[in-house]
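What follows is a single structure, written as structure tokens, with notes after it.
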Amino acid sequence: MLDINYIRQNTDLVKKAVKQKGMDVDIDKLLQVDQKRRELILKVDELRKQRNEAAKTKNIENGKKVKEELGGLEEELRTLQEHFDQLMLYVPNIPAQDAPVGSNSDSNVEILKWGDVPKFDFETRDHIELGRMSDIIDLEQGVKASGFRGYYLKNEGAVLHLAILNYAFDKIVEAGFSPMVPPTLVHEAALVGSGHFPFGKEDVYQIAGDPLFLTGTSEPSLLAYFMDKTLTEDQLPIKVCAMTHCYRSEVGDYGKDTKGIYRVHEFDKVEQVVICKNILEESEQLFKMMQGISEEILQELGIPYHVIATSTGDMGTGKYRMNDLEAWMPGRGKYGETHSNSNLTDWQSRRLNIKFKGQDGKAYYCYTLNNTVIASPRILIAILENFQQADGSVKIPEVLVPYTGFSEIKPKS
């Protein structure tokens, strides 16, 4: 969230951000509630002083009168404070000045392209057909067992899935990120703090009869580890990573990418999170570093990709800047998102109360960033389709062979 003082002093800028991000947030109403809240706080504080004075002077009659009035105002303040807190959760972060402005992905801008799109001298197959021929993907049984978007990875497909995850995990640890095994079941506070609630609640699975939710990324639980902590300046930047199973209901994307394993309800993901000082230039350098690791992974795999600067209406409420990496997928005839890199400045840390103590002795809210190192099985689409051969076999990128133990997946039919 933003600082309420910042909102008061930069109302027009905040309203502009609301418009650019396509949100339905009444900033004027928020400020009206804030004004009434502050007036009530003053009244309550004054009555509390009067109550204490009456107790000191043993003025029972006046104390009783003040207590009755105070009780009503405290309840009114509690209700108003809850309303104010809820409204604050919907206020978006201010996007970077150079972020593309637009209402959706149509306004995203390509800023970099790497690799040549492969040209085949044979009729290509998509990952569904390749997976069926090699007996490594079974969608039919997946639907029977798990329902819509269910799938099984089998044989070399299962091995390749684990290989790409372990390769990416090793790479991010070698880059200086501390590995963690975080919970994938979290309380609502973790999801509110990371900004996944209240906006995307429909895409998150809740455990029946329990106030716990299944995460769609390890970002909320990694950040929640530092919730309500005040760090020292020399601890920063903190760089952590995790490989977890992830769950998304995909309600917001109903009807999109219904075939294959591009958009599924459960998958595995290696995620990186950074917590740093509240210096924008430093956070932007870390943003580039994080993106560089993902680009290096795609380059080592030999998969063509491009980098997209995400528009204000597509980047999400809490983002200051967001770049997506999209890998070339021949079966789709276009690039598909495989990585997402975000700088959220202090928007998350204010919600999670993550601070650091500066050299001046004062406490400041940290900046936070996150990035997808790799997600599977989606990345398998790019591997299978880009490295397919005329007979339906698939060459394994050399960097993965030490993890798979084989260099080729051959068709079985």
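By order of appearance in the structure tokens: chains A, B, ..., then residues from 1 within every chain, and ligands from 1 in the order shown.
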Counting only C-alpha atoms, which residues of region 221-251 of chain A sit at most 8 Å from some atom of region 263-281 of chain A, and what is each one's closest atom pair with its distance in Å to one decimal, listed by chain and rising residue number, as a tab-separated table?
residue	atom	partner	partner_atom	distance
A:Leu222	CA	A:Val273	CA	7.2
A:Leu223	CA	A:Val273	CA	7.6
A:Glu233	CA	A:Lys277	CA	7.4
A:Leu236	CA	A:Cys276	CA	5.3
A:Pro237	CA	A:Cys276	CA	4.3
A:Ile238	CA	A:Ile275	CA	5.1
A:Lys239	CA	A:Val274	CA	4.6
A:Val240	CA	A:Val273	CA	5.4
A:Cys241	CA	A:Gln272	CA	4.3
A:Ala242	CA	A:Glu271	CA	5.5
A:Met243	CA	A:Val270	CA	4.3
A:Thr244	CA	A:Lys269	CA	5.7
A:His245	CA	A:Asp268	CA	4.4
A:Cys246	CA	A:Phe267	CA	5.3
A:Tyr247	CA	A:Glu266	CA	4.5
A:Arg248	CA	A:His265	CA	4.9
A:Ser249	CA	A:His265	CA	5.6
A:Glu250	CA	A:His265	CA	6.8
Considering only C-alpha atoms, give me a table of residues in region 225-264 of chain A that are at most 9 Å from region 379-394 of chain A, with the closest atom pair and distance in Å for each, as a tab-separated table.
residue	atom	partner	partner_atom	distance
A:Gly260	CA	A:Ile381	CA	8.8
A:Ile261	CA	A:Ile381	CA	7.5
A:Tyr262	CA	A:Ile381	CA	7.3
Output C-alpha atoms of each residue in that selection to a file, as a short mmCIF file (atom, residue, chain, number, x, y, z; two decimals), in the first residue's frame.
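Output contents, as saved in part-v2.cif:
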data_model
loop_
_atom_site.label_atom_id
_atom_site.label_comp_id
_atom_site.auth_asym_id
_atom_site.auth_seq_id
_atom_site.Cartn_x
_atom_site.Cartn_y
_atom_site.Cartn_z
CA GLY A 260 -2.28 -28.76 -23.43
CA ILE A 261 -0.18 -27.79 -20.42
CA TYR A 262 0.23 -24.05 -20.99
#
(Q) Please extract the residues of region 116-327 of chain A with a backbone DSSP assignment of strand (DSSP E) and present them as a ChimeraX atom specification. (A) /A:137-138,152-153,178-180,185-187,205-206,212-214,230-232,238-247,266-276,305-309,321-327
request  = Find, counting only C-alpha atoms, the residue in A:Glu74, A:Asp346, A:Asp106, A:Asp314 that gets nearest to Leu42 (chain A).
outcome  =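 Comparing A:Glu74, A:Asp346, A:Asp106, A:Asp314 against Leu42 (chain A), the winner is A:Glu74.
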What is the distance between CA of Ile111 (chain A) and CA of Thr217 (chain A), in Å to one decimal?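 Between these atoms lies a distance of 25.9 Å.
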- Query: So what do you get for CA of Val33 (chain A) versus CA of Ala363 (chain A), distance-wise?
  - Reply: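 Taking CA of Val33 (chain A) and CA of Ala363 (chain A), their separation equals 27.3 Å.
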Which residue of A:Lys16, A:Arg132, A:Lys259, A:His339 approaches Pro411 (chain A) most closely, using only C-alpha atoms:
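Among the listed residues, A:Arg132 lies closest to Pro411 (chain A).
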Within 10 Å of region 23-31 of chain A, counting only C-alpha atoms, which residues show up once you throw out same-chain ones fewer than 2 positions away? Write them as an mmCIF file with N, CA and C atoms, in the first residue's frame, please.
data_model
loop_
_atom_site.group_PDB
_atom_site.id
_atom_site.type_symbol
_atom_site.label_atom_id
_atom_site.label_comp_id
_atom_site.auth_asym_id
_atom_site.auth_seq_id
_atom_site.Cartn_x
_atom_site.Cartn_y
_atom_site.Cartn_z
ATOM 1 N N ILE A 4 -0.412 7.004 3.575
ATOM 2 C CA ILE A 4 -1.560 7.911 3.505
ATOM 3 C C ILE A 4 -1.105 9.363 3.386
ATOM 4 N N ILE A 7 -0.476 9.937 -0.183
ATOM 5 C CA ILE A 7 -1.734 10.059 -0.928
ATOM 6 C C ILE A 7 -2.326 11.453 -0.748
ATOM 7 N N ARG A 8 -2.271 11.969 0.482
ATOM 8 C CA ARG A 8 -2.806 13.318 0.733
ATOM 9 C C ARG A 8 -2.036 14.374 -0.051
ATOM 10 N N THR A 11 -2.366 13.628 -4.406
ATOM 11 C CA THR A 11 -3.673 13.077 -4.768
ATOM 12 C C THR A 11 -3.843 12.913 -6.275
ATOM 13 N N ASP A 12 -3.450 13.915 -7.039
ATOM 14 C CA ASP A 12 -3.625 13.847 -8.498
ATOM 15 C C ASP A 12 -2.783 12.726 -9.103
ATOM 16 N N VAL A 14 -1.840 9.949 -7.595
ATOM 17 C CA VAL A 14 -2.443 8.675 -7.209
ATOM 18 C C VAL A 14 -3.676 8.400 -8.068
ATOM 19 N N LYS A 15 -4.477 9.423 -8.296
ATOM 20 C CA LYS A 15 -5.655 9.260 -9.159
ATOM 21 C C LYS A 15 -5.236 8.878 -10.575
ATOM 22 N N ALA A 17 -2.565 7.138 -11.353
ATOM 23 C CA ALA A 17 -2.166 5.732 -11.291
ATOM 24 C C ALA A 17 -3.389 4.818 -11.288
ATOM 25 N N VAL A 18 -4.428 5.223 -10.558
ATOM 26 C CA VAL A 18 -5.678 4.452 -10.529
ATOM 27 C C VAL A 18 -6.245 4.321 -11.937
ATOM 28 N N LYS A 19 -6.230 5.426 -12.666
ATOM 29 C CA LYS A 19 -6.761 5.427 -14.037
ATOM 30 C C LYS A 19 -5.886 4.582 -14.965
ATOM 31 N N GLN A 20 -4.559 4.744 -14.855
ATOM 32 C CA GLN A 20 -3.642 4.019 -15.730
ATOM 33 C C GLN A 20 -3.716 2.510 -15.501
ATOM 34 N N LYS A 21 -3.992 2.119 -14.271
ATOM 35 C CA LYS A 21 -4.062 0.689 -13.959
ATOM 36 C C LYS A 21 -5.475 0.129 -14.088
ATOM 37 N N VAL A 33 -12.895 9.523 4.337
ATOM 38 C CA VAL A 33 -12.877 8.586 5.464
ATOM 39 C C VAL A 33 -11.667 8.852 6.349
ATOM 40 N N ASP A 34 -10.545 9.148 5.731
ATOM 41 C CA ASP A 34 -9.323 9.458 6.483
ATOM 42 C C ASP A 34 -9.509 10.702 7.338
ATOM 43 N N GLN A 35 -10.131 11.736 6.770
ATOM 44 C CA GLN A 35 -10.353 12.980 7.515
ATOM 45 C C GLN A 35 -11.247 12.737 8.724
ATOM 46 N N LYS A 36 -12.338 12.005 8.506
ATOM 47 C CA LYS A 36 -13.249 11.708 9.617
ATOM 48 C C LYS A 36 -12.554 10.852 10.662
ATOM 49 N N ARG A 37 -11.723 9.917 10.205
ATOM 50 C CA ARG A 37 -10.966 9.045 11.115
ATOM 51 C C ARG A 37 -10.040 9.860 12.001
ATOM 52 N N HIS A 83 -12.812 0.243 7.899
ATOM 53 C CA HIS A 83 -13.205 0.697 6.567
ATOM 54 C C HIS A 83 -12.037 1.380 5.869
ATOM 55 N N PHE A 84 -11.329 2.205 6.609
ATOM 56 C CA PHE A 84 -10.148 2.902 6.071
ATOM 57 C C PHE A 84 -9.071 1.901 5.655
ATOM 58 N N ASP A 85 -8.785 0.943 6.515
ATOM 59 C CA ASP A 85 -7.757 -0.062 6.211
ATOM 60 C C ASP A 85 -8.115 -0.852 4.950
ATOM 61 N N GLN A 86 -9.384 -1.187 4.783
ATOM 62 C CA GLN A 86 -9.816 -1.934 3.618
ATOM 63 C C GLN A 86 -9.664 -1.105 2.347
ATOM 64 N N LEU A 87 -10.044 0.170 2.408
ATOM 65 C CA LEU A 87 -9.891 1.046 1.246
ATOM 66 C C LEU A 87 -8.422 1.199 0.854
ATOM 67 N N MET A 88 -7.549 1.275 1.836
ATOM 68 C CA MET A 88 -6.121 1.454 1.569
ATOM 69 C C MET A 88 -5.533 0.275 0.803
ATOM 70 N N TYR A 90 -6.705 -1.224 -1.629
ATOM 71 C CA TYR A 90 -7.002 -1.147 -3.058
ATOM 72 C C TYR A 90 -6.230 -0.043 -3.780
ATOM 73 N N VAL A 91 -5.486 0.766 -3.049
ATOM 74 C CA VAL A 91 -4.748 1.865 -3.676
ATOM 75 C C VAL A 91 -3.518 1.297 -4.388
ATOM 76 N N PRO A 92 -3.371 1.541 -5.686
ATOM 77 C CA PRO A 92 -2.262 0.946 -6.440
ATOM 78 C C PRO A 92 -0.940 1.665 -6.210
ATOM 79 N N SER A 103 -4.477 -0.219 -21.179
ATOM 80 C CA SER A 103 -5.446 -0.910 -20.340
ATOM 81 C C SER A 103 -5.227 -2.414 -20.250
ATOM 82 N N GLY A 313 -1.874 -1.207 -17.281
ATOM 83 C CA GLY A 313 -3.109 -1.933 -17.060
ATOM 84 C C GLY A 313 -2.946 -3.426 -16.979
ATOM 85 N N GLY A 316 -0.479 -5.243 -12.887
ATOM 86 C CA GLY A 316 -0.927 -5.557 -11.538
ATOM 87 C C GLY A 316 -0.873 -4.351 -10.625
ATOM 88 N N THR A 317 -1.651 -4.405 -9.577
ATOM 89 C CA THR A 317 -1.870 -3.250 -8.710
ATOM 90 C C THR A 317 -0.614 -2.757 -8.015
#
| field | Å distance separating CA of Ser194 (chain A) from CA of Arg351 (chain A), one decimal place | value |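 Value for the CA of Ser194 (chain A)-CA of Arg351 (chain A) distance: 7.4 Å.
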Could you please write out, as number ranges by chain, every residue of region 195-280 of chain A that DSSP assigns to alpha helix (DSSP H)?
A: 219-224, 280
